[in-house]
Structure formats: C-alpha cells, structure tokens
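K.L.:
Structure in structure tokens, see below.
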Amino acid sequence: MNLGERLPRVVIAEDDDDMRNVLCELVSGLGVEVAAASSGGDLVLLLTDDRPVDLIITDVRMPWMTGFQVALSARNSGLRIPIIIVTGFPDDTLRAQVENMGSAVLLAKPFRPDELLSLVRGRLFTSPAASA
Amino acid sequence: MKLARKLILSMVISVTVVLAANAYYRVRRELDAFEQDMEQDHAVLAQVLGRAVSAVWATNGRDAALQLVAQVRSPSEMLHVRWVDAETLKRRVKVKDLLFTDVPISIGGVVMGFVEISESRKFEHAYTRSTLIHSIVLTLIAAATAGILSTVLGVWFVGRPIEQLVDKARRIGAGDVGSPLVIRQRDEIGELATEMNAMCLRLAETRYALNAETEERLRAVEQLRHADRLATVGKLASGIAHELGTPLGVALMRANMIASNESVVRDVRDAARIVGEQIDRITGIVRQLLDFARGRGTVAPGPQQRRGPANLLAIAQRSAGMLQPLAVKRLLAIDIVHAENPPEPPANAEQIQQVLVNLLVNAIHASERPGKVTVSIGVAETRPPADVTPPVFSETGQPQYAIISVKDEGIGIAPEVLPRIFEPFFTTKHVGEGTGLGLSVAYGIVREHGGWIEVASERNKGSCFSVYLPLDFAVLV
C-alpha cells in the first residue's frame, strides 16, 4: 500500500466500550492512526468525512446500523479499502456475503490478539499484490 | 365330544327307525297272507261240507246229516265244525279271536240250518308276537352295533382331531403360533388342520415382521431423542460461546498488553501472562463449543470450509504421525489398515483430521496396557440412522459411505455411559486430562458432513468408533 508520508489510518467500530478501547490500543501499538466509532451511524460519519481511511475493522451487531450494512454500502459506493468484519455470530449467510464483498475477511469472536494483529499487518504493510 | 355324541345318537335313531318300520310292514304283510289263507281254506271246506251234508240229508234224513257234521274233527284242534240253527246263529257272540264261516244247508229251497266252521286265530297271534320280539331284539342289536361302531369311528376320526384343533385354536389365541398340528387325514378335518398350520405360519411371519418394525421404530425414536438432546445442548453451548466472545476477547487482549508492557513491574507482567494463558484456554474451549454447535445445524459450513475429495489414508497417516509420541510413551502402536483404493469422500480434510485426532487421543487414553490402536479405512453400503438424511440420489438403493474407524484394546465404555459420550463436557477422564469436548466436536463435524459415528464397546476388551461419511457428493447441497 502506497501511503506516501502519512501514517496508515484505521477506523474501528465497536459498540462495547471495553472491546473498542482494547482494540484501539492494540492496533495503535502497530504505529498507525486509529479512529473509533461506537455505532453504525458513527462509522458512517467517519467514512464520509474528508480524511483518508486505509482499513475498516467493524463489529456486526451495533446500534443504529450494523457494521456489515455500513461496510457493504461503502463498498457499493466505490470504497475499495480492506475490511475486517468481527462477529460473535459467524453464520453461513454472513460468511458468504463477506466473501462476495471482496477484499474483506470475517474474524470470529473470541479471537487472540495476534490473530487480529496479523490480519491488520497483512492488510496494511504488505505489497499491494499480496494484500489484494 | 358333543359332536361325536350327536352323530352317534342320530345314527342309532335312524337304524332303529328303519328296522322298526321294516318289522312293522313285514308283520302286516304276513298277517294279511295268513288271513287270506284261512279264508280260502274255509271256503273250500264250506263247499265240500255243504254238498256232503245236503246229500246225506236228502238221502238218509236229518239225523244222519247231523251225525256227519258231529263226526268232522280237525287234527290240530284249532278248527271246529258244528250244526247250528238260525236262532243260535242270530244269538252268537262275535269273538275276535275266532274266524267263523257259516254254510247254509237248504233242502228243496228251504234253509234247514247251518254248518258252522270256526277256527282260532291263536297261531296268527303267536306268530305276530314272535316276529315282534325277533324284530325288537334285532333292532337292539343293530342299534348297539351301530352305536359302538360310530362311537369308535367318531372318536377316532372326528372327536380326537377336533379336540386337537380346538386345543390348537386355544393356543393360537394365547399367542403360541409354533408347534404345528399333525393330523394325517385326507378329509375336511385334515384340510382344516393344514389351513390352520398355514395360518400359524403367516401369523408368525407377520408377528416377526411387526416385532422387527417395532424395534426399528424404537431405535429410531431413541436416536432422534439423542440427536434432539444434543441439538439442545448445542444451541445452549453456541449461545453461551457467542456471548462470551467479546468479554473474553477484551480480557485476553488486556492481559496480553500488560504482559508485554516493559514499564510494568515484572511480577505483574508474569501474572498478566498467566491470566492471558488461562483466558486463552477458555477461548480454545469456547471455539470447540462453536465447532460442535456448527454441526448441530445452528451454524452452517462457511466458504472457508469448502470440501473437496478428502484422502482418508493421508489424513490417517498425518493424524497417526502427530500422535506417535503420545502413543510411544504408552507403549502403543498405531496400525493403519485400508482397502486397495481408500475412499476419498467429499469432506473438509482439516476437520476430518480433527475428528480422527480426537478419536485417536481417546483411544490412546483408554489403553491402559501396551498394545495397538488400529485405524481402518473402508467403504460400506448401509442405511443411515433415523436422524441422518440419506444422500439424495440413493432413495432406492443403499447409499455408500466411507468408513474410517479407530479401534483400541483399552478399558471400554460402561453401557450406562455410552448414550452420553457425545454430550459436551461429558468426560470420564481425570480432571485436566480432557475437556469433554473431543467427541462432541467430532460428532458435530461428522454430522455437518452428513455422516454419523457408530460406537461398539466391550468392557476391558476395547472400543471401536466408526465414522461414516457419505461418498455421494449430492448430499452436500
């Protein structure tokens, strides 16, 4: 991913405060900029401001609008960045939908920190060919 | 015996009636003939006497004629001849036992008197009586003979076999359809016995089929109940596991952060590391629960678990290789036995390997003495249990299944424990040896593949777990 001079920017959406905080701390430990949202609506606001976004990490079940709906809308409106969808309910339909979205991956809770970190690293710091 | 008695009675009555009628008509006919004979004799005698007396009267006078009449004697003393005048004749009393014939004697056209011929009917009565006695005796003898003969034949040909038939019918009523009747008679009774035997045979066949069907149904119901119980447990488990996802994730990540933070005191870092490890263990268990729940139909297989032809032999070799150190420690050998062309069912190789590893670990733990654990790979045509949907294309024929089985020579499974072994957290191992999820996970994965696990076990002889996986790709819709 060619970012020029700026730090990669990761948007994290999670309605559970503790989970969101720990995710933010964990991901920022990688030396990236992190923006947090606590609902589907917040996530939409974050994605529609003018600042660049390089990766979305979102929970599915959130108030207002599910993370998956937001991600799908973003993808449909031309946003091509990688997406990590986190869920405690990885059912078949969701898996299929996430796969069809392209450049998106489903991470089932509970997960180990290094599982998430390796996914994030893989999407931010590898060559464009490998991260496609 | 009532039927035989009726037959005997009717036979005796008919013999008696026929003989009695015969005797009656014979006596009647003979009496008639007797009477006719007597009347004829009288007529001849009357003609002769009339002429003789008239002739004597005409030539020698009245006294000579009367003397002639007085001289007529019958040798048998049964016949009497006397002279009577018209007056006496009129006053004569009619006697039934005597036959009278009166011969008028007329001289010159004037009736002078009558010659009376009288004969006793004593002989006739004596004859009638003797015929009657004779007939009665004969009838009695005939009736007795008929009675005895029909009793013997009736008992032999009717009473005895019917008693046998009645006894047999009672036994059938009581449910005994075995022990066929042996009645060697080529008549209706013999036919009835043959039909009864045939009926018993059909009843026995029907009962056998019915019993088999009932057993089959009971087994199916038991299987469904078992599957239902596991499904309930699976739902519960997945519900809990889902809810635990977020808090476990938070706790694990926090613990890891503290553990890797260089600015924190070393003791605290160590403690955090331990907390992290423990949470990691919980995470592992929760994931296994989700694996089990996935096979219970709560979570369908995802695209990440695509199934291709899984080489069961390669899977078995890999799993055996993984567990070799554990087996060697317990002085066990892992043998792999397979057919010439080991089947390659449509399956997720990683998941099947997990199933096999779980079964092998159990087999090794169950083996308390040196020996071997045998992994066999084969193919079978069979019908799945009631709660497993058979492959779509094999509605008519028997569906084909790949079988991979793990057999140990260990302690076996107690019969009371057997129905519960697939339940999550059910374990007979010591604390710390296992979570009680291995078989549940195996069960879940195999069910997800449209297969099932069969268990055969004998105390102190060993157990055999057979995993059936459908070979028909059509089952995976």
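As shown in the structure tokens, the chain order sets the letters A, B, ...; within each chain, residues go from 1, and ligands are also counted from 1 in the order they appear.
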Apply DSSP to the backbone of this structure and, from range 10-59 of chain A, keep only the residues in alpha helix (DSSP H); write these as a PyMOL selection string.

P.N.:
chain A and resi 17-28+40-48

K.L.:
Using N, CA and C atoms, can you write the selected residues to a file as a JSON list (two decimals), in the first residue's frame?

P.N.:
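Output (again_15.json):
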```
[["chain", "number", "residue", "atom", "x", "y", "z"],
["A", 17, "ASP", "N", -17.72, -0.74, 24.90],
["A", 17, "ASP", "CA", -16.65, 0.22, 25.20],
["A", 17, "ASP", "C", -15.32, -0.46, 25.47],
["A", 18, "ASP", "N", -15.34, -1.47, 26.32],
["A", 18, "ASP", "CA", -14.09, -2.14, 26.69],
["A", 18, "ASP", "C", -13.42, -2.75, 25.47],
["A", 19, "MET", "N", -14.25, -3.38, 24.65],
["A", 19, "MET", "CA", -13.71, -4.03, 23.46],
["A", 19, "MET", "C", -13.11, -2.97, 22.52],
["A", 20, "ARG", "N", -13.88, -1.88, 22.35],
["A", 20, "ARG", "CA", -13.41, -0.83, 21.44],
["A", 20, "ARG", "C", -12.08, -0.26, 21.94],
["A", 21, "ASN", "N", -12.02, 0.02, 23.24],
["A", 21, "ASN", "CA", -10.79, 0.60, 23.78],
["A", 21, "ASN", "C", -9.60, -0.32, 23.58],
["A", 22, "VAL", "N", -9.79, -1.59, 23.88],
["A", 22, "VAL", "CA", -8.65, -2.50, 23.78],
["A", 22, "VAL", "C", -8.24, -2.68, 22.33],
["A", 23, "LEU", "N", -9.24, -2.69, 21.44],
["A", 23, "LEU", "CA", -8.91, -2.82, 20.02],
["A", 23, "LEU", "C", -8.09, -1.60, 19.55],
["A", 24, "CYS", "N", -8.55, -0.45, 19.98],
["A", 24, "CYS", "CA", -7.85, 0.77, 19.58],
["A", 24, "CYS", "C", -6.40, 0.76, 20.06],
["A", 25, "GLU", "N", -6.24, 0.40, 21.36],
["A", 25, "GLU", "CA", -4.88, 0.38, 21.91],
["A", 25, "GLU", "C", -4.02, -0.63, 21.17],
["A", 26, "LEU", "N", -4.60, -1.80, 20.93],
["A", 26, "LEU", "CA", -3.86, -2.88, 20.29],
["A", 26, "LEU", "C", -3.39, -2.47, 18.90],
["A", 27, "VAL", "N", -4.33, -1.90, 18.11],
["A", 27, "VAL", "CA", -4.00, -1.54, 16.73],
["A", 27, "VAL", "C", -3.05, -0.35, 16.70],
["A", 28, "SER", "N", -3.27, 0.62, 17.62],
["A", 28, "SER", "CA", -2.35, 1.76, 17.59],
["A", 28, "SER", "C", -0.94, 1.35, 17.97],
["A", 40, "GLY", "N", -23.10, 2.15, 14.19],
["A", 40, "GLY", "CA", -23.09, 2.17, 12.73],
["A", 40, "GLY", "C", -23.13, 3.60, 12.20],
["A", 41, "GLY", "N", -23.88, 4.43, 12.91],
["A", 41, "GLY", "CA", -24.01, 5.83, 12.48],
["A", 41, "GLY", "C", -22.68, 6.54, 12.56],
["A", 42, "ASP", "N", -21.95, 6.35, 13.70],
["A", 42, "ASP", "CA", -20.63, 6.97, 13.86],
["A", 42, "ASP", "C", -19.69, 6.52, 12.75],
["A", 43, "LEU", "N", -19.79, 5.24, 12.42],
["A", 43, "LEU", "CA", -18.91, 4.69, 11.39],
["A", 43, "LEU", "C", -19.18, 5.39, 10.05],
["A", 44, "VAL", "N", -20.47, 5.59, 9.76],
["A", 44, "VAL", "CA", -20.81, 6.29, 8.51],
["A", 44, "VAL", "C", -20.20, 7.68, 8.51],
["A", 45, "LEU", "N", -20.33, 8.40, 9.66],
["A", 45, "LEU", "CA", -19.76, 9.75, 9.75],
["A", 45, "LEU", "C", -18.25, 9.73, 9.51],
["A", 46, "LEU", "N", -17.57, 8.75, 10.11],
["A", 46, "LEU", "CA", -16.11, 8.66, 9.97],
["A", 46, "LEU", "C", -15.71, 8.39, 8.52],
["A", 47, "LEU", "N", -16.53, 7.59, 7.84],
["A", 47, "LEU", "CA", -16.18, 7.23, 6.47],
["A", 47, "LEU", "C", -16.50, 8.34, 5.47],
["A", 48, "THR", "N", -17.41, 9.24, 5.90],
["A", 48, "THR", "CA", -17.83, 10.27, 4.95],
["A", 48, "THR", "C", -17.12, 11.61, 5.14]]
```

K.L.:
Output as a list in words the set of chain A residues within 7 Å of chain B, with distances taken over only C-alpha atoms.

P.N.:
Asp18, Met19, Val22, Gly88, Phe89, Asp91, Asp92, Arg95, Ala96, Lys109, Pro110, Phe111, Arg112 and Pro113 of chain A

K.L.:
List the neighbours of Leu140 in chain B out to 12 Å using only C-alpha atoms; skip same-chain residues closer than 2 positions along the sequence, and give me the result as a PyMOL selection string.

P.N.:
chain B and resi 12-13+15-17+19-20+133-138+142-147

K.L.:
Take the residues that were just selected and, keeping C-alpha atoms, output them as a PDB file, in the first residue's frame.

P.N.:
```
ATOM      1  CA  VAL B  12     -78.711 -95.154  16.348  1.00  0.00           C
ATOM      2  CA  ILE B  13     -82.097 -93.486  15.907  1.00  0.00           C
ATOM      3  CA  VAL B  15     -81.048 -97.573  12.368  1.00  0.00           C
ATOM      4  CA  THR B  16     -83.809 -98.186  14.920  1.00  0.00           C
ATOM      5  CA  VAL B  17     -86.463 -96.407  12.859  1.00  0.00           C
ATOM      6  CA  LEU B  19     -85.528-101.673  11.363  1.00  0.00           C
ATOM      7  CA  ALA B  20     -88.793-100.960  13.229  1.00  0.00           C
ATOM      8  CA  ILE B 133     -89.864-109.970  19.699  1.00  0.00           C
ATOM      9  CA  HIS B 134     -87.491-111.019  16.991  1.00  0.00           C
ATOM     10  CA  SER B 135     -87.608-107.580  15.407  1.00  0.00           C
ATOM     11  CA  ILE B 136     -87.060-105.790  18.714  1.00  0.00           C
ATOM     12  CA  VAL B 137     -84.077-107.954  19.542  1.00  0.00           C
ATOM     13  CA  LEU B 138     -82.642-107.453  16.086  1.00  0.00           C
ATOM     14  CA  ALA B 142     -78.263-103.342  15.305  1.00  0.00           C
ATOM     15  CA  ALA B 143     -78.588-100.132  17.325  1.00  0.00           C
ATOM     16  CA  ALA B 144     -75.935-101.285  19.778  1.00  0.00           C
ATOM     17  CA  THR B 145     -73.587-102.291  16.977  1.00  0.00           C
ATOM     18  CA  ALA B 146     -74.156 -99.003  15.179  1.00  0.00           C
ATOM     19  CA  GLY B 147     -73.667 -97.138  18.441  1.00  0.00           C
TER      20      GLY B 147
END
```

K.L.:
Which of these residues is nearest to Ile364 in chain B, using only C-alpha atoms: B:Gly378, B:Pro345, B:Pro325, B:Gly234?

P.N.:
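That would be B:Pro325, the residue with the smallest distance to Ile364 in chain B.
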
K.L.:
Could you name the residues that touch Ile413 in chain B at 9 Å or less, counting only C-alpha atoms, but leaving out those on the same chain fewer than 3 positions away, as a PyMOL selection string?

P.N.:
chain B and resi 416-418+456-460+462-463

K.L.:
Please identify all polymer residues within 12 Å of range 71-76 of chain B, counting only C-alpha atoms, omitting same-chain residues fewer than 2 positions from it, and present them as a PyMOL selection string.

P.N.:
chain B and resi 45+48-49+52-53+64-69+78-83+115-120+122-123

K.L.:
Using C-alpha atoms, can you write the selected residues to a file as a tab-separated table (two decimals), in the first residue's frame?

P.N.:
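File produced: part-v1.tsv:
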```tsv
chain	number	residue	atom	x	y	z
B	45	LEU	CA	-114.21	-126.72	3.36
B	48	VAL	CA	-117.30	-129.66	0.40
B	49	LEU	CA	-119.21	-129.88	3.71
B	52	ALA	CA	-121.91	-133.59	1.58
B	53	VAL	CA	-124.37	-132.65	4.35
B	64	ALA	CA	-127.67	-138.91	9.50
B	65	ALA	CA	-126.72	-135.46	8.27
B	66	LEU	CA	-126.30	-134.09	11.81
B	67	GLN	CA	-124.22	-137.15	12.73
B	68	LEU	CA	-121.94	-136.49	9.81
B	69	VAL	CA	-121.41	-132.92	10.97
B	78	MET	CA	-107.87	-125.44	16.06
B	79	LEU	CA	-110.80	-125.98	13.68
B	80	HIS	CA	-114.34	-126.79	14.93
B	81	VAL	CA	-117.43	-127.78	12.91
B	82	ARG	CA	-120.95	-127.92	14.38
B	83	TRP	CA	-124.62	-127.66	13.39
B	115	VAL	CA	-122.94	-125.85	9.39
B	116	GLU	CA	-120.68	-123.51	11.40
B	117	ILE	CA	-116.89	-123.68	10.80
B	118	SER	CA	-114.91	-121.84	13.45
B	119	GLU	CA	-111.13	-121.51	13.58
B	120	SER	CA	-108.97	-119.96	16.28
B	122	LYS	CA	-104.15	-118.27	18.13
B	123	PHE	CA	-101.44	-119.24	15.64
```

K.L.:
Which residues are near range 365-367 of chain B? Cut-off 12 Å, only C-alpha atoms, ignore same chain within fewer than 4 positions. Put them as a ChimeraX atom specification.

P.N.:
/B:323,326-334,358-361,371-373,406-413,427-430,433-434,457,459-464

K.L.:
So how many Å separate CA of Val11 in chain A and CA of Asn261 in chain B, to one decimal?

P.N.:
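If I compute the distance from CA of Val11 in chain A to CA of Asn261 in chain B, I get 24.1 Å.
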
K.L.:
What is the distance between CA of Ile84 in chain A and CA of Val105 in chain A, in Å to one decimal?

P.N.:
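Straight-line distance from CA of Ile84 in chain A to CA of Val105 in chain A works out to 5.1 Å.
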
K.L.:
Compare A:Gly102, A:Gly122, A:Pro8, A:Gly29 by their minimum atom-to-atom distance to Leu72 in chain A, counting only C-alpha atoms, and give me the closest one.

P.N.:
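Closest candidate: A:Gly102.
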
K.L.:
In Å to one decimal, how far is CA of Pro180 in chain B from CA of Arg207 in chain B?

P.N.:
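CA of Pro180 in chain B lies 16.4 Å from CA of Arg207 in chain B.
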
K.L.:
What's around Asp59 in chain A at 7 Å? Count only C-alpha atoms, leave out sequence neighbours fewer than 6 positions away in its own chain, and write the answer as an NGL selection string.

P.N.:
:A and (13-14 or 67 or 85-87)

K.L.:
Assign secondary structure with DSSP using the backbone only, and return the residues of range 75-137 of chain B in strand (DSSP E or B) as a list in words.

P.N.:
Leu79, His80, Val81, Arg82, Trp83, Val84, Leu98, Leu99, Phe100, Thr101, Asp102, Val103, Pro104, Ile105, Ser106, Ile107, Val110, Val111, Met112, Gly113, Phe114, Val115, Glu116, Ile117, Ser118, Glu119 and Ser120 of chain B
